[in-house]
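Data file: coords-v5.tsv. Format and content: TSV, C-alpha atoms and all ligand atoms.
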```
chain	number	residue	atom	x	y	z
A	132	MET	CA	0.00	0.00	0.00
A	133	VAL	CA	1.40	3.39	-0.94
A	134	GLN	CA	0.57	6.40	1.12
A	135	ASP	CA	1.16	9.61	-0.73
A	136	GLU	CA	0.90	12.95	0.62
A	137	PRO	CA	-1.07	14.38	3.32
A	138	TYR	CA	-4.71	14.91	3.61
A	139	LEU	CA	-6.19	16.36	0.42
A	140	GLU	CA	-8.95	18.85	0.87
A	141	THR	CA	-12.27	17.26	0.01
A	142	ALA	CA	-15.52	18.79	1.08
A	143	PRO	CA	-17.52	16.73	3.54
A	144	PRO	CA	-20.72	15.32	2.04
A	145	GLU	CA	-23.63	17.78	2.00
A	146	PHE	CA	-25.75	15.22	3.71
A	147	TYR	CA	-23.74	13.19	6.18
A	148	ARG	CA	-24.65	9.72	7.38
A	149	GLY	CA	-22.07	7.58	9.11
A	150	ARG	CA	-22.08	4.47	11.24
A	151	PHE	CA	-20.44	2.22	13.77
A	152	ALA	CA	-20.65	-1.44	12.73
A	153	PRO	CA	-19.51	-3.74	15.54
A	154	SER	CA	-19.40	-7.51	15.24
A	155	PRO	CA	-21.08	-8.97	18.34
A	156	THR	CA	-18.15	-11.19	19.24
A	157	GLY	CA	-17.73	-9.76	22.73
A	158	PRO	CA	-18.18	-6.60	24.79
A	159	LEU	CA	-16.93	-3.18	23.73
A	160	HIS	CA	-13.19	-2.79	24.48
A	161	PHE	CA	-11.01	0.31	24.33
A	162	GLY	CA	-10.22	-0.24	20.63
A	163	SER	CA	-13.86	-0.48	19.59
A	164	LEU	CA	-14.72	2.50	21.84
A	165	VAL	CA	-12.14	4.56	19.92
A	166	SER	CA	-13.79	3.62	16.60
A	167	ALA	CA	-17.27	4.33	17.92
A	168	LEU	CA	-16.19	7.69	19.36
A	169	GLY	CA	-14.23	8.78	16.26
A	170	SER	CA	-17.07	7.96	13.89
A	171	TYR	CA	-19.68	9.53	16.20
A	172	LEU	CA	-17.78	12.79	16.63
A	173	ASP	CA	-16.97	13.14	12.95
A	174	ALA	CA	-20.66	12.69	12.08
A	175	LYS	CA	-22.09	14.86	14.84
A	176	SER	CA	-19.57	17.70	14.41
A	177	LEU	CA	-20.76	18.00	10.80
A	178	GLY	CA	-24.45	17.84	11.73
A	179	GLY	CA	-24.73	14.30	10.41
A	180	GLU	CA	-26.56	11.16	11.39
A	181	TRP	CA	-24.79	8.27	13.08
A	182	LEU	CA	-26.23	4.77	12.86
A	183	VAL	CA	-25.33	1.48	14.47
A	184	ARG	CA	-25.29	-1.78	12.53
A	185	ILE	CA	-24.63	-5.12	14.18
A	186	GLU	CA	-22.48	-7.25	11.87
A	187	ASP	CA	-23.60	-10.68	13.00
A	188	LEU	CA	-23.18	-12.72	9.80
A	189	ASP	CA	-20.42	-14.92	11.19
A	190	GLN	CA	-22.60	-17.02	13.46
A	191	ASP	CA	-19.62	-19.03	14.74
A	192	ARG	CA	-18.03	-15.91	16.21
A	193	ASN	CA	-21.16	-14.27	17.65
A	194	GLN	CA	-21.39	-14.25	21.41
A	195	PRO	CA	-24.93	-14.41	22.80
A	196	GLY	CA	-25.95	-11.13	24.40
A	197	ALA	CA	-22.90	-9.22	23.11
A	198	ASP	CA	-25.09	-7.04	20.85
A	199	SER	CA	-27.17	-5.67	23.74
A	200	GLU	CA	-24.09	-5.33	25.91
A	201	ILE	CA	-22.41	-3.21	23.20
A	202	LEU	CA	-25.52	-1.08	22.75
A	203	ARG	CA	-25.91	-0.44	26.52
A	204	CYS	CA	-22.25	0.49	26.68
A	205	LEU	CA	-22.56	2.96	23.77
A	206	GLU	CA	-25.50	4.58	25.56
A	207	GLY	CA	-23.47	4.71	28.77
A	208	PHE	CA	-20.74	6.60	26.93
A	209	GLY	CA	-23.33	9.06	25.58
A	210	LEU	CA	-23.02	7.74	22.02
A	211	TRP	CA	-26.69	7.73	21.06
A	212	TRP	CA	-27.43	6.51	17.57
A	213	ASP	CA	-30.04	7.67	15.08
A	214	GLY	CA	-32.79	5.38	13.81
A	215	GLU	CA	-33.18	1.67	14.38
A	216	VAL	CA	-30.23	-0.62	14.96
A	217	VAL	CA	-29.83	-2.88	11.93
A	218	TYR	CA	-28.76	-6.55	12.12
A	219	GLN	CA	-27.06	-8.07	9.08
A	220	THR	CA	-28.70	-11.46	9.62
A	221	HIS	CA	-32.05	-9.80	8.76
A	222	ARG	CA	-30.85	-8.56	5.40
A	223	GLN	CA	-30.06	-11.69	3.41
A	224	GLU	CA	-32.25	-10.79	0.41
A	225	LEU	CA	-30.28	-7.61	-0.19
A	226	TYR	CA	-27.00	-9.54	-0.26
A	227	GLU	CA	-28.55	-12.23	-2.46
A	228	PHE	CA	-29.72	-9.62	-4.96
A	229	ALA	CA	-26.29	-7.96	-5.15
A	230	PHE	CA	-24.57	-11.32	-5.42
A	231	GLU	CA	-26.84	-12.34	-8.32
A	232	SER	CA	-26.10	-9.05	-10.11
A	233	LEU	CA	-22.36	-9.70	-9.80
A	234	ARG	CA	-22.85	-13.23	-11.02
A	235	GLN	CA	-24.82	-12.08	-14.06
A	236	MET	CA	-22.03	-9.64	-14.89
A	237	GLY	CA	-19.55	-12.52	-14.78
A	238	LEU	CA	-17.74	-10.95	-11.85
A	239	VAL	CA	-17.98	-13.88	-9.44
A	240	TYR	CA	-16.91	-17.44	-9.99
A	241	PRO	CA	-17.17	-20.64	-7.98
A	242	CYS	CA	-14.01	-21.75	-6.23
A	243	GLY	CA	-13.26	-25.27	-5.03
A	244	CYS	CA	-10.12	-24.51	-3.07
A	245	THR	CA	-9.94	-25.25	0.62
A	246	ARG	CA	-8.76	-22.58	3.05
A	247	SER	CA	-5.25	-24.01	3.12
A	248	GLU	CA	-5.08	-24.33	-0.69
A	249	ALA	CA	-6.16	-20.71	-1.05
A	250	ALA	CA	-3.46	-19.57	1.46
A	251	SER	CA	-3.46	-15.89	2.32
A	252	THR	CA	-3.25	-14.57	-1.26
A	253	TYR	CA	-5.45	-16.47	-3.63
A	254	SER	CA	-3.77	-17.34	-6.92
A	255	GLY	CA	-6.93	-17.29	-9.05
A	256	ARG	CA	-6.64	-21.04	-9.63
A	257	CYS	CA	-10.41	-21.61	-10.15
A	258	ARG	CA	-10.92	-18.59	-12.42
A	259	ALA	CA	-10.90	-20.88	-15.44
A	260	GLY	CA	-13.29	-23.36	-13.81
A	261	LEU	CA	-13.36	-25.89	-11.02
A	262	GLY	CA	-10.70	-28.51	-11.43
A	263	ASN	CA	-11.51	-32.21	-11.74
A	264	GLY	CA	-13.65	-33.53	-8.92
A	265	LYS	CA	-13.53	-30.25	-7.01
A	266	LYS	CA	-16.68	-29.23	-5.25
A	267	GLU	CA	-17.89	-25.67	-4.95
A	268	ARG	CA	-16.73	-24.21	-1.62
A	269	SER	CA	-17.07	-20.47	-2.16
A	270	PHE	CA	-17.70	-17.74	-4.70
A	271	ARG	CA	-14.97	-15.24	-5.40
A	272	TYR	CA	-15.03	-11.75	-6.90
A	273	LYS	CA	-12.83	-11.51	-9.97
A	274	ILE	CA	-10.45	-8.57	-9.56
A	275	ASN	CA	-9.73	-6.96	-12.92
A	276	GLU	CA	-8.04	-3.76	-11.71
A	277	SER	CA	-4.45	-3.46	-10.59
A	278	ILE	CA	-4.78	-0.21	-8.69
A	279	VAL	CA	-7.43	1.61	-6.67
A	280	ILE	CA	-6.82	5.15	-5.46
A	281	PHE	CA	-8.86	6.91	-2.82
A	282	ASN	CA	-8.53	9.93	-0.61
A	283	ASP	CA	-8.68	9.20	3.09
A	284	PHE	CA	-9.59	12.08	5.40
A	285	ILE	CA	-7.00	10.98	7.96
A	286	GLN	CA	-4.46	8.81	6.16
A	287	GLY	CA	-4.13	10.90	2.98
A	288	LYS	CA	-4.12	9.64	-0.59
A	289	ILE	CA	-3.97	5.86	-0.71
A	290	SER	CA	-3.05	3.79	-3.76
A	291	GLN	CA	-3.39	0.07	-3.40
A	292	ASP	CA	-3.45	-3.03	-5.52
A	293	PRO	CA	-6.87	-4.41	-4.54
A	294	ALA	CA	-5.58	-7.96	-4.88
A	295	PHE	CA	-2.79	-7.26	-2.40
A	296	GLY	CA	-2.97	-9.68	0.49
A	297	SER	CA	-6.15	-11.38	-0.74
A	298	GLY	CA	-6.22	-11.99	-4.49
A	299	ASP	CA	-9.73	-12.65	-5.82
A	300	PHE	CA	-11.73	-12.56	-2.62
A	301	VAL	CA	-14.65	-14.57	-1.25
A	302	VAL	CA	-18.08	-12.91	-1.37
A	303	LYS	CA	-20.12	-15.94	-0.35
A	304	ARG	CA	-19.51	-19.36	1.08
A	305	ALA	CA	-21.14	-22.16	-0.89
A	306	ASP	CA	-22.92	-23.38	2.26
A	307	GLY	CA	-24.68	-20.06	2.71
A	308	PRO	CA	-23.21	-17.09	4.50
A	309	PHE	CA	-22.26	-13.94	2.62
A	310	ALA	CA	-18.83	-12.57	3.36
A	311	TYR	CA	-18.10	-9.33	5.22
A	312	GLN	CA	-16.79	-7.57	2.07
A	313	LEU	CA	-20.04	-7.95	0.17
A	314	ALA	CA	-22.42	-7.42	3.09
A	315	VAL	CA	-20.71	-4.24	4.27
A	316	VAL	CA	-20.81	-2.68	0.79
A	317	VAL	CA	-24.47	-3.59	0.25
A	318	ASP	CA	-25.49	-2.29	3.69
A	319	ASP	CA	-23.51	0.92	3.47
A	320	TYR	CA	-25.23	1.63	0.16
A	321	HIS	CA	-28.77	0.67	1.20
A	322	GLN	CA	-28.43	2.59	4.47
A	323	GLY	CA	-27.31	5.68	2.56
A	324	MET	CA	-23.88	6.03	4.20
A	325	THR	CA	-21.84	8.95	2.91
A	326	ARG	CA	-18.71	8.62	5.03
A	327	ILE	CA	-17.14	5.63	6.77
A	328	VAL	CA	-14.93	6.27	9.79
A	329	ARG	CA	-13.34	3.09	11.17
A	330	GLY	CA	-10.04	1.57	12.31
A	331	VAL	CA	-7.04	1.65	10.00
A	332	ASP	CA	-6.82	-2.16	10.27
A	333	LEU	CA	-9.79	-2.21	7.87
A	334	MET	CA	-8.09	0.03	5.31
A	335	GLU	CA	-6.71	-3.00	3.46
A	336	SER	CA	-10.33	-3.93	2.71
A	337	THR	CA	-11.31	-0.51	1.38
A	338	PRO	CA	-10.03	-0.97	-2.23
A	339	ARG	CA	-11.94	-4.27	-2.46
A	340	GLN	CA	-15.05	-2.54	-1.19
A	341	ILE	CA	-14.59	0.31	-3.68
A	342	LEU	CA	-14.38	-2.25	-6.51
A	343	LEU	CA	-17.62	-3.86	-5.35
A	344	GLN	CA	-19.30	-0.44	-5.16
A	345	ARG	CA	-18.18	0.34	-8.71
A	346	SER	CA	-19.30	-3.02	-10.06
A	347	LEU	CA	-22.70	-2.69	-8.42
A	348	GLY	CA	-23.13	0.90	-9.66
A	349	TYR	CA	-23.17	2.38	-6.14
A	350	PRO	CA	-21.76	5.84	-5.48
A	351	GLN	CA	-18.34	5.87	-3.84
A	352	ILE	CA	-18.27	6.70	-0.15
A	353	GLN	CA	-15.74	8.93	1.63
A	354	TYR	CA	-13.34	7.25	4.06
A	355	ALA	CA	-11.43	8.17	7.20
A	356	HIS	CA	-9.38	5.47	8.91
A	357	LEU	CA	-8.57	5.97	12.58
A	358	PRO	CA	-5.42	4.82	14.36
A	359	ILE	CA	-5.97	1.60	16.27
A	360	ALA	CA	-5.23	0.92	19.90
A	361	ARG	CA	-2.68	-1.78	20.73
A	362	ASN	CA	-1.76	-3.66	23.88
A	363	ALA	CA	1.68	-3.74	25.52
A	364	ASN	CA	2.77	-6.46	23.06
A	365	GLY	CA	1.88	-4.24	20.12
A	366	GLU	CA	-1.14	-6.36	19.19
A	367	LYS	CA	-4.41	-4.81	18.09
A	368	LEU	CA	-6.95	-4.80	20.92
A	369	SER	CA	-9.54	-7.42	20.07
A	370	LYS	CA	-11.32	-10.41	21.48
A	371	GLN	CA	-8.48	-12.65	20.21
A	372	THR	CA	-5.90	-10.61	22.13
A	373	ARG	CA	-8.15	-10.69	25.22
A	374	ALA	CA	-8.80	-6.95	25.32
A	375	PRO	CA	-10.69	-6.19	28.54
A	376	ALA	CA	-14.23	-4.83	28.35
A	377	VAL	CA	-14.69	-1.10	29.00
A	378	MET	CA	-17.31	0.22	31.39
A	379	PRO	CA	-18.82	3.66	30.80
A	380	ASN	CA	-16.99	6.26	32.87
A	381	PRO	CA	-15.59	9.74	32.14
A	382	ASP	CA	-11.94	8.71	32.53
A	383	THR	CA	-12.16	6.02	29.85
A	384	LEU	CA	-13.92	8.48	27.54
A	385	LEU	CA	-11.16	11.06	28.13
A	386	ALA	CA	-8.53	8.39	27.46
A	387	ALA	CA	-10.21	7.58	24.12
A	388	LEU	CA	-10.23	11.29	23.19
A	389	GLU	CA	-6.58	11.55	24.12
A	390	PHE	CA	-5.72	8.45	22.12
A	391	LEU	CA	-7.26	10.09	19.05
A	392	GLY	CA	-5.28	13.30	19.71
A	393	LEU	CA	-8.47	15.31	20.23
A	394	GLU	CA	-8.88	18.26	22.55
A	395	SER	CA	-9.81	17.41	26.13
A	396	PRO	CA	-12.48	19.46	27.86
A	397	PRO	CA	-11.58	21.67	30.81
A	398	ALA	CA	-11.36	19.76	34.09
A	399	GLU	CA	-14.69	21.12	35.38
A	400	GLU	CA	-16.54	19.34	32.57
A	401	LYS	CA	-16.56	16.06	34.31
A	402	ASN	CA	-19.57	14.09	33.29
A	403	ILE	CA	-20.01	12.06	30.14
A	404	THR	CA	-22.72	14.29	28.66
A	405	GLU	CA	-20.56	17.41	29.08
A	406	ILE	CA	-17.49	15.69	27.66
A	407	ILE	CA	-19.40	14.53	24.59
A	408	LYS	CA	-20.95	17.96	24.04
A	409	PHE	CA	-17.55	19.65	24.28
A	410	SER	CA	-15.97	17.07	21.99
A	411	ILE	CA	-18.58	17.56	19.27
A	412	GLN	CA	-18.00	21.31	19.37
A	413	HIS	CA	-14.21	21.02	19.31
A	414	PHE	CA	-13.78	18.04	17.00
A	415	ASP	CA	-11.13	18.48	14.33
A	416	VAL	CA	-10.37	15.49	12.11
A	417	LYS	CA	-6.95	17.00	11.29
A	418	ARG	CA	-5.81	16.47	14.89
A	419	ILE	CA	-6.22	12.72	14.57
A	420	SER	CA	-2.88	11.05	14.05
A	421	LYS	CA	-2.21	8.67	11.16
A	422	LYS	CA	-1.60	4.99	11.85
B	501	LIG	N1	-17.74	-5.38	11.78
B	501	LIG	C1	-16.39	-4.93	11.58
B	501	LIG	C2	-15.61	-5.08	12.87
B	501	LIG	O1	-16.20	-5.16	13.94
B	501	LIG	C3	-16.32	-3.47	11.17
B	501	LIG	C4	-16.71	-3.27	9.78
B	501	LIG	C5	-16.57	-1.87	9.22
B	501	LIG	O2	-16.55	-0.89	9.99
B	501	LIG	O3	-16.54	-1.77	8.02
B	501	LIG	O4	-14.40	-5.12	12.81
```
Turn this file's structure into structure tokens for me.
Ligand code: GLU
Amino acid sequence: MVQDEPYLETAPPEFYRGRFAPSPTGPLHFGSLVSALGSYLDAKSLGGEWLVRIEDLDQDRNQPGADSEILRCLEGFGLWWDGEVVYQTHRQELYEFAFESLRQMGLVYPCGCTRSEAASTYSGRCRAGLGNGKKERSFRYKINESIVIFNDFIQGKISQDPAFGSGDFVVKRADGPFAYQLAVVVDDYHQGMTRIVRGVDLMESTPRQILLQRSLGYPQIQYAHLPIARNANGEKLSKQTRAPAVMPNPDTLLAALEFLGLESPPAEEKNITEIIKFSIQHFDVKRISKK
């Protein structure tokens, strides 16, 4: 991935709708709080709407009750969302429709490779058809472009080979579930998102998502990728790295603001509501550090 020069001036969308899209794999931790806060403040400081979508397609990773725990925690931190919370498992027909459109355009093909055969970068082995005796295991999007360029509000101008790290990527497993890349693009479009603010760990996915948007005839969305919080071993905070759950309190909220490099309110503004109000008024995306 090549990062060119700094932030290029791009006007924010006239109508702003953003979102926080947690996977319900566990409670909110400091890393996910940072993403929620960054996306909320960017939206609210520009008079926009901020929605919450629960990305629960990967049933094996869902943890029962984690969705409501996350939502209660967001409320506790004063991050109130607009509209109804959307669950991806309720939206299968939308994904099906988009998948069929891609298939009719010849942009997806069945793949018979196992996870280990596909390794981390898929070689495109099944592009020309399933080999002898291979059974359909997934459907992959056929990448025809060698470069995707987009302007990130925090990270600057990004040029990336969309195949980098993934090769032709899975949009659906043959036994049913749609993959994150397809579902996120379809939802962001149908929910009318205009700007996505999320962790920089997801920036590698953005060129693939832009290709899907282009193929499906959706307008391109603006992006801002936030720095991600790491533990003492330098690992991204996540369920896998046993990141502890956060509980709503002003100090944790102030720590998240500080992590993002944003202005802290004066010491007398001590409660969560005051901190959030101050932070909306003083939000400046340019203060947020890159990676
Ligand atoms: N559901 C993804 C996650 O929890 C976030 C997806 C996105 O923001 O595009 O990592």
Would you list the contacts of His221 (chain A) as JSON, numbers by chain, taking every protein, DNA or RNA residue within 10 Å and counting all atoms listed in the file, but skipping same-chain residues closer than 3 positions in sequence?
{"A": [187, 188, 217, 218, 224, 225]}
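Remark: for Gln223 (chain A), the closest of the candidate residues A:Pro293, A:Val317, A:Gln235, A:Gly179 is A:Val317 (distances computed over only C-alpha atoms).
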Nearest residue to Glu180 (chain A) out of A:Pro241, A:Gly162, A:Gly214, A:Gly157, using only C-alpha atoms?
A:Gly214
Contact check, chain A to ligand LIG 501 (chain B), at most 6 Å, counting all atoms listed in the file, closest pairs as a tab-separated table:
```
residue	atom	partner	partner_atom	distance
A:Ala152	CA	B:LIG501	O2	5.0
A:Pro153	CA	B:LIG501	O1	3.9
A:Ser154	CA	B:LIG501	O1	4.2
A:Glu186	CA	B:LIG501	N1	5.1
A:Arg329	CA	B:LIG501	O2	5.2
```
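Going from CA of Glu227 (chain A) to CA of Gly255 (chain A) covers 23.2 Å.
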Name the closest residue to Phe309 (chain A) among the candidates A:Glu231, A:Asp213, A:Glu394, A:Glu389; distances are taken between atoms, counting all atoms listed in the file.
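The answer is A:Glu231, which sits nearest to Phe309 (chain A).
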Find the residues around region 260-268 of chain A up to 12 Å (all atoms listed in the file counted), leave out those fewer than 3 positions away in its own chain, and share them as a PyMOL selection string.
chain A and resi 239-246+248-249+255-257+271+301-308
Separation of CA of Leu347 (chain A) from CA of Leu233 (chain A), in Å and rounded to one decimal
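According to the coordinates, CA of Leu347 (chain A) and CA of Leu233 (chain A) are separated by 7.2 Å.
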All residues 10 Å or closer to Arg326 (chain A), only C-alpha atoms, same chain fewer than 3 positions away omitted, as a list in words
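Near Arg326 (chain A), the qualifying residues are Pro143, Pro144, Phe146, Tyr147, Arg148, Gly149, Arg150, Ser170, Asp173, Ala174, Gly179, Phe284, Asp319, Gly323, Arg329, Gln351, Ile352, Gln353, Tyr354 and Ala355 of chain A.
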Distance of CA of Val331 (chain A) from CA of Ala374 (chain A), expressed in Å to one decimal place:
17.7 Å
Which one is closest to Thr156 (chain A): A:Ala197, A:Leu343, A:Ile411, A:Met334? Count only C-alpha atoms.
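Using only C-alpha atoms, Thr156 (chain A) sits closest to A:Ala197.
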Which of these, A:Ser176, A:Ser290, A:Thr220, A:Ser199, has the shortest distance to Leu159 (chain A) once you count all atoms listed in the file?
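Residue with the minimum atom-to-atom distance to Leu159 (chain A): A:Ser199.
Nearest to Gly169 (chain A) of all the residues A:Ile359, A:Glu400, A:Thr325, A:Lys370 is A:Ile359, based on only C-alpha atoms.
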Excluding Gly237 (chain A) and residues on its chain fewer than 6 positions from it, collect all residues at most 12 Å away from it, counting only C-alpha atoms, and give them as a list in words.
Phe230, Glu231, Arg258, Phe270, Arg271, Tyr272, Lys273, Ile274, Asn275 and Ser346 of chain A
Residues near Asn362 (chain A), anyone? I mean within 12 Å using only C-alpha atoms, not counting same-chain ones fewer than 4 positions away, as a PDB file with C-alpha atoms, in the coordinates of the input.
```
ATOM      1  CA  HIS A 160     -13.190  -2.790  24.480  1.00  0.00           C
ATOM      2  CA  PHE A 161     -11.010   0.310  24.330  1.00  0.00           C
ATOM      3  CA  GLY A 162     -10.220  -0.240  20.630  1.00  0.00           C
ATOM      4  CA  GLU A 366      -1.140  -6.360  19.190  1.00  0.00           C
ATOM      5  CA  LYS A 367      -4.410  -4.810  18.090  1.00  0.00           C
ATOM      6  CA  LEU A 368      -6.950  -4.800  20.920  1.00  0.00           C
ATOM      7  CA  SER A 369      -9.540  -7.420  20.070  1.00  0.00           C
ATOM      8  CA  LYS A 370     -11.320 -10.410  21.480  1.00  0.00           C
ATOM      9  CA  GLN A 371      -8.480 -12.650  20.210  1.00  0.00           C
ATOM     10  CA  THR A 372      -5.900 -10.610  22.130  1.00  0.00           C
ATOM     11  CA  ARG A 373      -8.150 -10.690  25.220  1.00  0.00           C
ATOM     12  CA  ALA A 374      -8.800  -6.950  25.320  1.00  0.00           C
ATOM     13  CA  PRO A 375     -10.690  -6.190  28.540  1.00  0.00           C
TER      14      PRO A 375
END
```
Protein, DNA and RNA residues within 9 Å of (-5.8, -13.2, -6.3), only C-alpha atoms, as a PyMOL selection string
chain A and resi 252-256+273-274+294-300
